[in-house]
$ cat data-v6.txt   # compact mmCIF, C-alpha atoms
# COMPACT_ATOMS: atom_id res chain seq x y z
CA MET A 1 9.26 -0.53 1.08
CA THR A 2 6.54 1.78 2.19
CA SER A 3 7.23 5.11 3.77
CA ILE A 4 4.67 7.70 4.79
CA ASP A 5 5.44 11.30 4.01
CA VAL A 6 3.65 13.66 6.43
CA ARG A 7 3.19 17.31 5.45
CA GLU A 8 1.39 19.99 7.41
CA ALA A 9 -0.89 22.10 5.26
CA ASP A 10 -3.26 25.02 5.57
CA GLY A 11 -6.48 23.42 6.88
CA GLY A 12 -5.13 19.99 7.81
CA VAL A 13 -2.40 17.47 7.28
CA VAL A 14 -1.42 15.48 4.18
CA LEU A 15 -0.13 11.93 4.52
CA ALA A 16 1.31 10.26 1.43
CA PRO A 17 2.06 6.53 1.70
CA THR A 18 4.59 5.45 -0.94
CA GLY A 19 4.75 1.85 -2.19
CA ARG A 20 2.50 -0.92 -0.84
CA LEU A 21 -0.12 -0.46 1.87
CA THR A 22 -0.57 -4.02 3.15
CA VAL A 23 -0.64 -5.99 6.39
CA VAL A 24 3.10 -5.21 6.62
CA THR A 25 2.70 -1.44 6.51
CA ALA A 26 -0.90 -0.64 7.50
CA PRO A 27 0.07 -0.16 11.19
CA GLN A 28 2.37 2.70 10.10
CA LEU A 29 -0.60 4.54 8.58
CA ARG A 30 -2.79 3.94 11.66
CA ASN A 31 -0.03 5.25 13.93
CA ALA A 32 0.71 8.29 11.77
CA VAL A 33 -2.97 9.29 11.64
CA ALA A 34 -3.44 8.69 15.39
CA GLU A 35 -0.45 10.95 16.10
CA ARG A 36 -1.80 13.75 13.92
CA ILE A 37 -5.28 13.57 15.49
CA ALA A 38 -3.67 13.64 18.96
CA ALA A 39 -1.66 16.67 17.82
CA GLY A 40 -4.90 18.49 16.96
CA ASP A 41 -5.30 17.98 13.22
CA ARG A 42 -8.89 17.35 12.15
CA ILE A 43 -8.78 17.20 8.34
CA ILE A 44 -6.65 14.21 7.37
CA VAL A 45 -5.84 14.01 3.66
CA VAL A 46 -4.39 10.73 2.43
CA ASP A 47 -2.64 11.29 -0.90
CA LEU A 48 -2.66 7.89 -2.63
CA SER A 49 -0.90 8.98 -5.82
CA SER A 50 2.26 7.03 -4.88
CA THR A 51 0.48 4.06 -3.28
CA GLU A 52 0.99 1.35 -5.85
CA PHE A 53 -0.89 -1.46 -4.07
CA VAL A 54 -3.44 -1.77 -1.27
CA ASP A 55 -4.85 -4.96 0.29
CA SER A 56 -7.66 -5.62 2.79
CA SER A 57 -5.41 -4.66 5.71
CA GLY A 58 -4.61 -1.32 4.08
CA LEU A 59 -8.33 -0.77 3.47
CA GLY A 60 -9.05 -1.67 7.10
CA ALA A 61 -6.54 0.96 8.20
CA LEU A 62 -8.22 3.60 6.00
CA VAL A 63 -11.66 2.75 7.46
CA SER A 64 -10.25 2.84 11.00
CA CYS A 65 -8.56 6.20 10.38
CA LEU A 66 -11.75 7.61 8.83
CA LYS A 67 -13.69 6.63 11.97
CA SER A 68 -11.04 8.12 14.28
CA ALA A 69 -11.03 11.40 12.37
CA ARG A 70 -14.83 11.63 12.46
CA GLN A 71 -14.98 10.76 16.16
CA ALA A 72 -12.60 13.67 16.75
CA GLY A 73 -14.96 15.96 14.84
CA GLY A 74 -12.92 15.90 11.65
CA ASP A 75 -12.78 13.92 8.44
CA LEU A 76 -10.46 11.78 6.33
CA ARG A 77 -10.33 12.34 2.59
CA ILE A 78 -8.45 10.44 -0.06
CA VAL A 79 -6.87 11.90 -3.17
CA ALA A 80 -5.61 10.46 -6.47
CA PRO A 81 -5.85 6.69 -5.95
CA THR A 82 -3.84 4.68 -8.48
CA GLU A 83 -5.55 2.15 -10.76
CA GLN A 84 -5.03 -0.81 -8.43
CA VAL A 85 -6.29 1.12 -5.40
CA SER A 86 -9.38 2.34 -7.29
CA MET A 87 -10.18 -1.24 -8.36
CA VAL A 88 -9.97 -2.56 -4.80
CA LEU A 89 -12.08 0.33 -3.44
CA ARG A 90 -14.76 -0.57 -6.01
CA MET A 91 -14.61 -4.31 -5.29
CA THR A 92 -15.20 -3.70 -1.58
CA ASN A 93 -17.82 -0.93 -2.07
CA LEU A 94 -15.56 1.36 -0.03
CA ASP A 95 -15.69 3.91 -2.86
CA ARG A 96 -19.05 4.86 -1.26
CA ILE A 97 -17.46 6.16 1.95
CA LEU A 98 -14.00 6.97 0.57
CA GLN A 99 -14.81 9.05 -2.50
CA PRO A 100 -11.62 10.44 -4.02
CA ARG A 101 -11.25 14.21 -4.14
CA ALA A 102 -9.86 15.85 -7.26
CA SER A 103 -6.74 17.25 -5.63
CA VAL A 104 -5.03 17.77 -2.29
CA ALA A 105 -6.09 21.43 -2.37
CA ASP A 106 -9.72 20.42 -2.94
CA ALA A 107 -9.57 17.86 -0.11
CA LEU A 108 -8.22 20.45 2.31
CA GLN A 109 -10.96 22.96 1.49
CA SER A 110 -14.28 21.19 1.06
CA MET B 111 -0.86 -25.75 -24.27
CA SER B 112 2.57 -24.35 -23.53
CA GLU B 113 3.84 -23.70 -20.04
CA HIS B 114 5.27 -20.24 -19.45
CA ALA B 115 6.97 -18.74 -16.39
CA HIS B 116 7.11 -20.94 -13.31
CA ARG B 117 8.35 -19.89 -9.88
CA VAL B 118 8.47 -21.53 -6.45
CA VAL B 119 8.81 -19.47 -3.27
CA GLU B 120 9.22 -20.87 0.23
CA VAL B 121 9.10 -18.51 3.20
CA PRO B 122 8.42 -18.46 6.96
CA ALA B 123 4.77 -17.88 7.91
CA THR B 124 5.43 -14.33 9.11
CA ILE B 125 4.02 -10.92 8.21
CA GLU B 126 7.38 -9.85 6.73
CA SER B 127 7.13 -12.67 4.19
CA ILE B 128 4.25 -10.89 2.45
CA ASP B 129 6.80 -8.41 1.04
CA VAL B 130 8.92 -11.33 -0.21
CA VAL B 131 5.87 -12.91 -1.84
CA GLN B 132 5.07 -9.64 -3.64
CA ALA B 133 8.64 -9.15 -4.83
CA GLU B 134 8.67 -12.71 -6.21
CA PHE B 135 5.23 -12.18 -7.77
CA ASP B 136 6.53 -9.04 -9.48
CA ALA B 137 9.57 -10.86 -10.92
CA TRP B 138 7.40 -13.78 -12.08
CA TRP B 139 4.77 -11.53 -13.67
CA ASN B 140 7.42 -9.63 -15.61
CA GLU B 141 8.46 -12.90 -17.28
CA LEU B 142 4.94 -13.43 -18.69
CA ASP B 143 4.38 -12.33 -22.26
CA ASP B 144 1.38 -10.30 -23.14
CA ALA B 145 -0.15 -10.25 -19.65
CA LYS B 146 -2.92 -7.74 -19.03
CA LEU B 147 -2.60 -5.25 -16.18
CA GLU B 148 -6.17 -5.88 -15.00
CA THR B 149 -5.38 -9.60 -14.69
CA ARG B 150 -2.30 -8.73 -12.67
CA PHE B 151 -4.30 -6.52 -10.29
CA ALA B 152 -6.92 -9.22 -9.75
CA PHE B 153 -4.45 -12.07 -9.34
CA GLU B 154 -1.99 -10.16 -7.15
CA ILE B 155 -4.63 -9.04 -4.64
CA ALA B 156 -5.85 -12.64 -4.35
CA VAL B 157 -2.31 -14.00 -3.85
CA VAL B 158 -1.57 -11.40 -1.17
CA GLU B 159 -4.88 -12.02 0.65
CA ILE B 160 -4.40 -15.79 0.77
CA ALA B 161 -0.76 -15.43 1.88
CA THR B 162 -1.90 -13.05 4.65
CA ASN B 163 -4.68 -15.44 5.63
CA ILE B 164 -2.19 -18.32 5.99
CA VAL B 165 0.16 -16.20 8.12
CA GLU B 166 -2.64 -14.89 10.34
CA HIS B 167 -4.22 -18.35 10.72
CA THR B 168 -0.85 -19.81 11.72
CA HIS B 169 -0.33 -17.13 14.37
CA ARG B 170 -3.88 -17.39 15.73
CA VAL B 171 -3.82 -21.16 16.04
CA GLU B 172 -0.19 -21.97 16.82
CA GLY B 173 1.71 -18.80 17.63
CA SER B 174 4.93 -18.23 15.74
CA ALA B 175 6.03 -21.87 15.81
CA GLY B 176 8.46 -21.83 12.91
CA ARG B 177 5.88 -22.72 10.28
CA ARG B 178 6.64 -22.10 6.62
CA PHE B 179 4.55 -22.00 3.46
CA GLN B 180 5.30 -22.64 -0.17
CA LEU B 181 3.87 -20.76 -3.13
CA THR B 182 4.07 -22.03 -6.71
CA LEU B 183 3.20 -19.55 -9.45
CA SER B 184 2.62 -20.84 -12.97
CA ALA B 185 1.01 -19.81 -16.22
CA ASP B 186 -0.15 -21.31 -19.47
CA ASP B 187 -1.95 -19.83 -22.45
CA GLU B 188 -5.32 -19.79 -20.71
CA ALA B 189 -4.73 -19.02 -17.05
CA VAL B 190 -2.40 -18.03 -14.24
CA THR B 191 -2.34 -20.34 -11.22
CA ALA B 192 -1.03 -20.03 -7.68
CA VAL B 193 -0.82 -22.97 -5.29
CA PHE B 194 -0.12 -22.39 -1.60
CA SER B 195 0.93 -25.32 0.54
CA ASP B 196 1.61 -25.31 4.28
CA ASN B 197 1.88 -27.88 7.06
CA GLY B 198 -0.17 -25.90 9.60
CA MET B 199 -3.37 -26.95 11.32
CA PRO B 200 -6.43 -27.39 9.07
CA ALA B 201 -8.30 -24.16 8.35
CA ASP B 202 -11.93 -24.33 9.47
CA ILE B 203 -13.33 -22.47 6.50
CA ASP B 204 -16.34 -22.81 4.23
CA LEU B 205 -15.63 -20.62 1.21
CA SER B 206 -19.27 -20.79 0.09
CA THR B 207 -20.33 -18.73 3.13
CA VAL B 208 -17.83 -15.87 2.67
CA THR B 209 -19.38 -12.45 2.09
CA MET B 210 -17.89 -8.98 1.73
CA ALA B 211 -17.68 -7.01 4.99
CA ASP B 212 -19.83 -3.91 5.45
CA VAL B 213 -18.20 -0.61 4.59
CA ASP B 214 -17.88 0.33 8.28
CA ASP B 215 -16.01 -2.84 9.21
CA GLU B 216 -12.26 -2.64 9.75
CA SER B 217 -11.58 -6.27 8.80
CA GLY B 218 -13.16 -9.26 7.07
CA ARG B 219 -12.53 -8.37 3.42
CA GLY B 220 -9.56 -10.59 2.56
CA LEU B 221 -11.19 -13.84 1.47
CA ALA B 222 -14.13 -12.03 -0.14
CA LEU B 223 -11.68 -9.95 -2.20
CA ALA B 224 -9.79 -13.07 -3.28
CA ILE B 225 -13.01 -14.84 -4.29
CA THR B 226 -14.24 -11.80 -6.25
CA ALA B 227 -10.89 -11.36 -8.02
CA LEU B 228 -10.41 -14.99 -9.08
CA ASP B 229 -12.12 -17.36 -11.48
CA SER B 230 -11.70 -20.11 -8.90
CA LEU B 231 -10.45 -20.50 -5.33
CA ASP B 232 -10.23 -23.91 -3.68
CA TYR B 233 -9.06 -25.05 -0.27
CA GLY B 234 -8.36 -28.61 0.77
CA ARG B 235 -6.07 -30.95 2.72
CA GLU B 236 -3.59 -33.23 0.95
CA ASN B 237 -1.13 -35.48 2.78
CA GLY B 238 -1.47 -33.48 5.99
CA ARG B 239 -0.94 -30.14 4.26
CA ASN B 240 -3.29 -27.21 3.60
CA ILE B 241 -3.55 -26.57 -0.14
CA TRP B 242 -5.02 -23.36 -1.58
CA THR B 243 -5.42 -23.22 -5.38
CA LEU B 244 -6.05 -19.87 -7.07
CA VAL B 245 -6.86 -19.56 -10.77
CA CYS B 246 -7.38 -16.46 -12.90
CA ARG B 247 -8.08 -16.67 -16.64
CA ARG B 248 -5.72 -14.51 -18.71
$ encode --input "data-v6.txt" --output "structure tokens"
Amino acid sequence: MTSIDVREADGGVVLAPTGRLTVVTAPQLRNAVAERIAAGDRIIVVDLSSTEFVDSSGLGALVSCLKSARQAGGDLRIVAPTEQVSMVLRMTNLDRILQPRASVADALQS
Amino acid sequence: MSEHAHRVVEVPATIESIDVVQAEFDAWWNELDDAKLETRFAFEIAVVEIATNIVEHTHRVEGSAGRRFQLTLSADDEAVTAVFSDNGMPADIDLSTVTMADVDDESGRGLALAITALDSLDYGRENGRNIWTLVCRR
């Protein structure tokens, strides 16, 4: 099952979904990001290193969260997508707007 | 041509069933000899997208009226095949018109992803049931 680890960091917040990010679990990510934006965070880092599978619903949640972060004057950055996630980002052309950063530290800074 | 692993799954047409489908897919895939990871990625995303499409179509058209769907996973030397069968209302879909959503869109990628990932995707009605057939060459 998917759980989302939320960690406050210098410069933003890091969310790490573990397991599958699908229609079953995508609402959890949307809710977690909405809560952090409401709490004042502006740089949202999604660490995908433990996300073993993403589907179109998970991608939709990432796009929605990216828009919410930008509307609040911030940004959403992804880090370390696994092989399956990278493939699906490429297939949907979303690698153009969700370009992976090299590390969590890099995503928090740039 | 020899037949390899074969698995039949029958579940309620609910969101929670997608997890069951993926767990069964995982067990089935692990019984296949010599299967490539890239084939798994392509086939699994297509299976999950079609399962989700069936669940969402059922809820949109009929509400949660106790519908179920069946998934049969099979493999031979050349290809892996998934057949979905459900007794819901016909899906009004023309697969030849499906295109990938724009990058800013929050939905509308499921069928396009399945079509891109597979070697063939077919939808039809047989004996009052919706039948989706997904094929990926190994």
$ residues_around --input "data-v6.txt" --residues "A:Arg77" --least-positions-apart "6" --cutoff "12 Å" --atoms "only C-alpha atoms" --output "ChimeraX atom specification"
/A:12-16,42-48,62-63,65-67,69-70,95,97-110
$ interface_residues --input "data-v6.txt" --of "chain A" --to "chain B" --cutoff "7 Å" --atoms "all atoms listed in the file" --output "VMD selection string"
chain A and resid 24 55 to 56 60 to 61 63 to 64 84 92 to 94
$ residues_around --input "data-v6.txt" --residues "B:Met199" --least-positions-apart "2" --cutoff "10 Å" --atoms "only C-alpha atoms" --output "list in words"
His167, Thr168, Val171, Glu172, Asp196, Asn197, Ala201, Asp202, Arg235, Gly238, Arg239 and Asn240 of chain B
$ atom_distance --input "data-v6.txt" --atom1 "atom CA of A:Ser49" --atom2 "atom CA of A:Ser68"
22.5 Å
$ atom_distance --input "data-v6.txt" --atom1 "atom CA of B:Thr243" --atom2 "atom CA of B:Thr182"
9.7 Å
$ atom_distance --input "data-v6.txt" --atom1 "atom CA of B:His114" --atom2 "atom CA of B:Asp143"
8.4 Å
$ closest_residue --input "data-v6.txt" --among "B:Val165, B:Ala192, B:Val119, B:Ala145" --to "B:Ala133" --atoms "only C-alpha atoms"
B:Val119
$ closest_residue --input "data-v6.txt" --among "B:Val130, B:Leu205, B:Ile164, B:Cys246" --to "B:Asp186" --atoms "all atoms listed in the file"
B:Cys246
$ closest_residue --input "data-v6.txt" --among "A:Val54, A:Ala9, A:Val33, A:Met87" --to "A:Asp75" --atoms "only C-alpha atoms"
A:Val33
$ closest_residue --input "data-v6.txt" --among "A:Ser50, A:Ile37, A:Arg7, A:Leu59" --to "A:Gly74" --atoms "only C-alpha atoms"
A:Ile37
$ residues_around --input "data-v6.txt" --residues "A:Glu83" --least-positions-apart "2" --cutoff "9 Å" --atoms "all atoms listed in the file" --output "ChimeraX atom specification"
/A:52-53,81,85-88 /B:151
$ write_last_selection --input "data-v6.txt" --atoms "C-alpha atoms" --output "PDB file, in the frame of the given file"
ATOM      1  CA  GLU A  52       0.990   1.350  -5.850  1.00  0.00           C
ATOM      2  CA  PHE A  53      -0.890  -1.460  -4.070  1.00  0.00           C
ATOM      3  CA  PRO A  81      -5.850   6.690  -5.950  1.00  0.00           C
ATOM      4  CA  VAL A  85      -6.290   1.120  -5.400  1.00  0.00           C
ATOM      5  CA  SER A  86      -9.380   2.340  -7.290  1.00  0.00           C
ATOM      6  CA  MET A  87     -10.180  -1.240  -8.360  1.00  0.00           C
ATOM      7  CA  VAL A  88      -9.970  -2.560  -4.800  1.00  0.00           C
TER       8      VAL A  88
ATOM      9  CA  PHE B 151      -4.300  -6.520 -10.290  1.00  0.00           C
TER      10      PHE B 151
END
$ build_atoms --input "data-v6.txt" --residues "stretch 168-198 of chain B" --atoms "N, CA and C atoms" --output "mmCIF file, keeping the file's coordinate frame"
data_model
loop_
_atom_site.group_PDB
_atom_site.id
_atom_site.type_symbol
_atom_site.label_atom_id
_atom_site.label_comp_id
_atom_site.auth_asym_id
_atom_site.auth_seq_id
_atom_site.Cartn_x
_atom_site.Cartn_y
_atom_site.Cartn_z
ATOM 1 N N THR B 168 -1.947 -19.134 11.017
ATOM 2 C CA THR B 168 -0.850 -19.810 11.720
ATOM 3 C C THR B 168 -0.611 -19.157 13.079
ATOM 4 N N HIS B 169 -0.608 -17.830 13.113
ATOM 5 C CA HIS B 169 -0.330 -17.130 14.370
ATOM 6 C C HIS B 169 -1.462 -17.283 15.370
ATOM 7 N N ARG B 170 -2.709 -17.258 14.848
ATOM 8 C CA ARG B 170 -3.880 -17.390 15.730
ATOM 9 C C ARG B 170 -3.907 -18.764 16.377
ATOM 10 N N VAL B 171 -3.623 -19.786 15.575
ATOM 11 C CA VAL B 171 -3.820 -21.160 16.040
ATOM 12 C C VAL B 171 -2.584 -21.692 16.776
ATOM 13 N N GLU B 172 -1.393 -21.311 16.310
ATOM 14 C CA GLU B 172 -0.190 -21.970 16.820
ATOM 15 C C GLU B 172 0.852 -21.021 17.388
ATOM 16 N N GLY B 173 0.630 -19.707 17.277
ATOM 17 C CA GLY B 173 1.710 -18.800 17.630
ATOM 18 C C GLY B 173 2.775 -18.847 16.544
ATOM 19 N N SER B 174 3.897 -18.250 16.785
ATOM 20 C CA SER B 174 4.930 -18.230 15.740
ATOM 21 C C SER B 174 5.854 -19.434 15.928
ATOM 22 N N ALA B 175 5.345 -20.608 15.516
ATOM 23 C CA ALA B 175 6.030 -21.870 15.810
ATOM 24 C C ALA B 175 6.935 -22.352 14.682
ATOM 25 N N GLY B 176 7.518 -21.435 13.949
ATOM 26 C CA GLY B 176 8.460 -21.830 12.910
ATOM 27 C C GLY B 176 7.825 -22.455 11.688
ATOM 28 N N ARG B 177 6.541 -22.189 11.471
ATOM 29 C CA ARG B 177 5.880 -22.720 10.280
ATOM 30 C C ARG B 177 6.353 -21.991 9.028
ATOM 31 N N ARG B 178 6.289 -22.703 7.899
ATOM 32 C CA ARG B 178 6.640 -22.100 6.620
ATOM 33 C C ARG B 178 5.526 -22.412 5.626
ATOM 34 N N PHE B 179 5.463 -21.637 4.542
ATOM 35 C CA PHE B 179 4.550 -22.000 3.460
ATOM 36 C C PHE B 179 5.259 -21.883 2.129
ATOM 37 N N GLN B 180 4.729 -22.646 1.171
ATOM 38 C CA GLN B 180 5.300 -22.640 -0.170
ATOM 39 C C GLN B 180 4.266 -22.099 -1.152
ATOM 40 N N LEU B 181 4.732 -21.295 -2.085
ATOM 41 C CA LEU B 181 3.870 -20.760 -3.130
ATOM 42 C C LEU B 181 4.460 -21.117 -4.486
ATOM 43 N N THR B 182 3.637 -21.731 -5.333
ATOM 44 C CA THR B 182 4.070 -22.030 -6.710
ATOM 45 C C THR B 182 3.218 -21.211 -7.666
ATOM 46 N N LEU B 183 3.871 -20.386 -8.465
ATOM 47 C CA LEU B 183 3.200 -19.550 -9.450
ATOM 48 C C LEU B 183 3.466 -20.134 -10.834
ATOM 49 N N SER B 184 2.406 -20.320 -11.626
ATOM 50 C CA SER B 184 2.620 -20.840 -12.970
ATOM 51 C C SER B 184 1.603 -20.233 -13.924
ATOM 52 N N ALA B 185 1.887 -20.384 -15.204
ATOM 53 C CA ALA B 185 1.010 -19.810 -16.220
ATOM 54 C C ALA B 185 1.008 -20.679 -17.461
ATOM 55 N N ASP B 186 -0.132 -20.750 -18.120
ATOM 56 C CA ASP B 186 -0.150 -21.310 -19.470
ATOM 57 C C ASP B 186 -0.944 -20.341 -20.345
ATOM 58 N N ASP B 187 -1.318 -20.770 -21.531
ATOM 59 C CA ASP B 187 -1.950 -19.830 -22.450
ATOM 60 C C ASP B 187 -3.299 -19.321 -21.945
ATOM 61 N N GLU B 188 -3.965 -20.149 -21.142
ATOM 62 C CA GLU B 188 -5.320 -19.790 -20.710
ATOM 63 C C GLU B 188 -5.420 -19.107 -19.356
ATOM 64 N N ALA B 189 -4.530 -19.469 -18.432
ATOM 65 C CA ALA B 189 -4.730 -19.020 -17.050
ATOM 66 C C ALA B 189 -3.425 -18.862 -16.297
ATOM 67 N N VAL B 190 -3.495 -18.088 -15.217
ATOM 68 C CA VAL B 190 -2.400 -18.030 -14.240
ATOM 69 C C VAL B 190 -2.887 -18.751 -12.987
ATOM 70 N N THR B 191 -1.966 -19.504 -12.362
ATOM 71 C CA THR B 191 -2.340 -20.340 -11.220
ATOM 72 C C THR B 191 -1.349 -20.155 -10.090
ATOM 73 N N ALA B 192 -1.872 -20.068 -8.870
ATOM 74 C CA ALA B 192 -1.030 -20.030 -7.680
ATOM 75 C C ALA B 192 -1.463 -21.157 -6.760
ATOM 76 N N VAL B 193 -0.500 -21.917 -6.249
ATOM 77 C CA VAL B 193 -0.820 -22.970 -5.290
ATOM 78 C C VAL B 193 -0.025 -22.714 -4.012
ATOM 79 N N PHE B 194 -0.734 -22.539 -2.913
ATOM 80 C CA PHE B 194 -0.120 -22.390 -1.600
ATOM 81 C C PHE B 194 -0.187 -23.727 -0.881
ATOM 82 N N SER B 195 0.892 -24.065 -0.198
ATOM 83 C CA SER B 195 0.930 -25.320 0.540
ATOM 84 C C SER B 195 1.611 -25.045 1.884
ATOM 85 N N ASP B 196 0.973 -25.482 2.975
ATOM 86 C CA ASP B 196 1.610 -25.310 4.280
ATOM 87 C C ASP B 196 1.262 -26.485 5.180
ATOM 88 N N ASN B 197 2.092 -26.722 6.191
ATOM 89 C CA ASN B 197 1.880 -27.880 7.060
ATOM 90 C C ASN B 197 1.256 -27.480 8.391
ATOM 91 N N GLY B 198 0.504 -26.363 8.383
ATOM 92 C CA GLY B 198 -0.170 -25.900 9.600
ATOM 93 C C GLY B 198 -1.426 -26.701 9.886
#
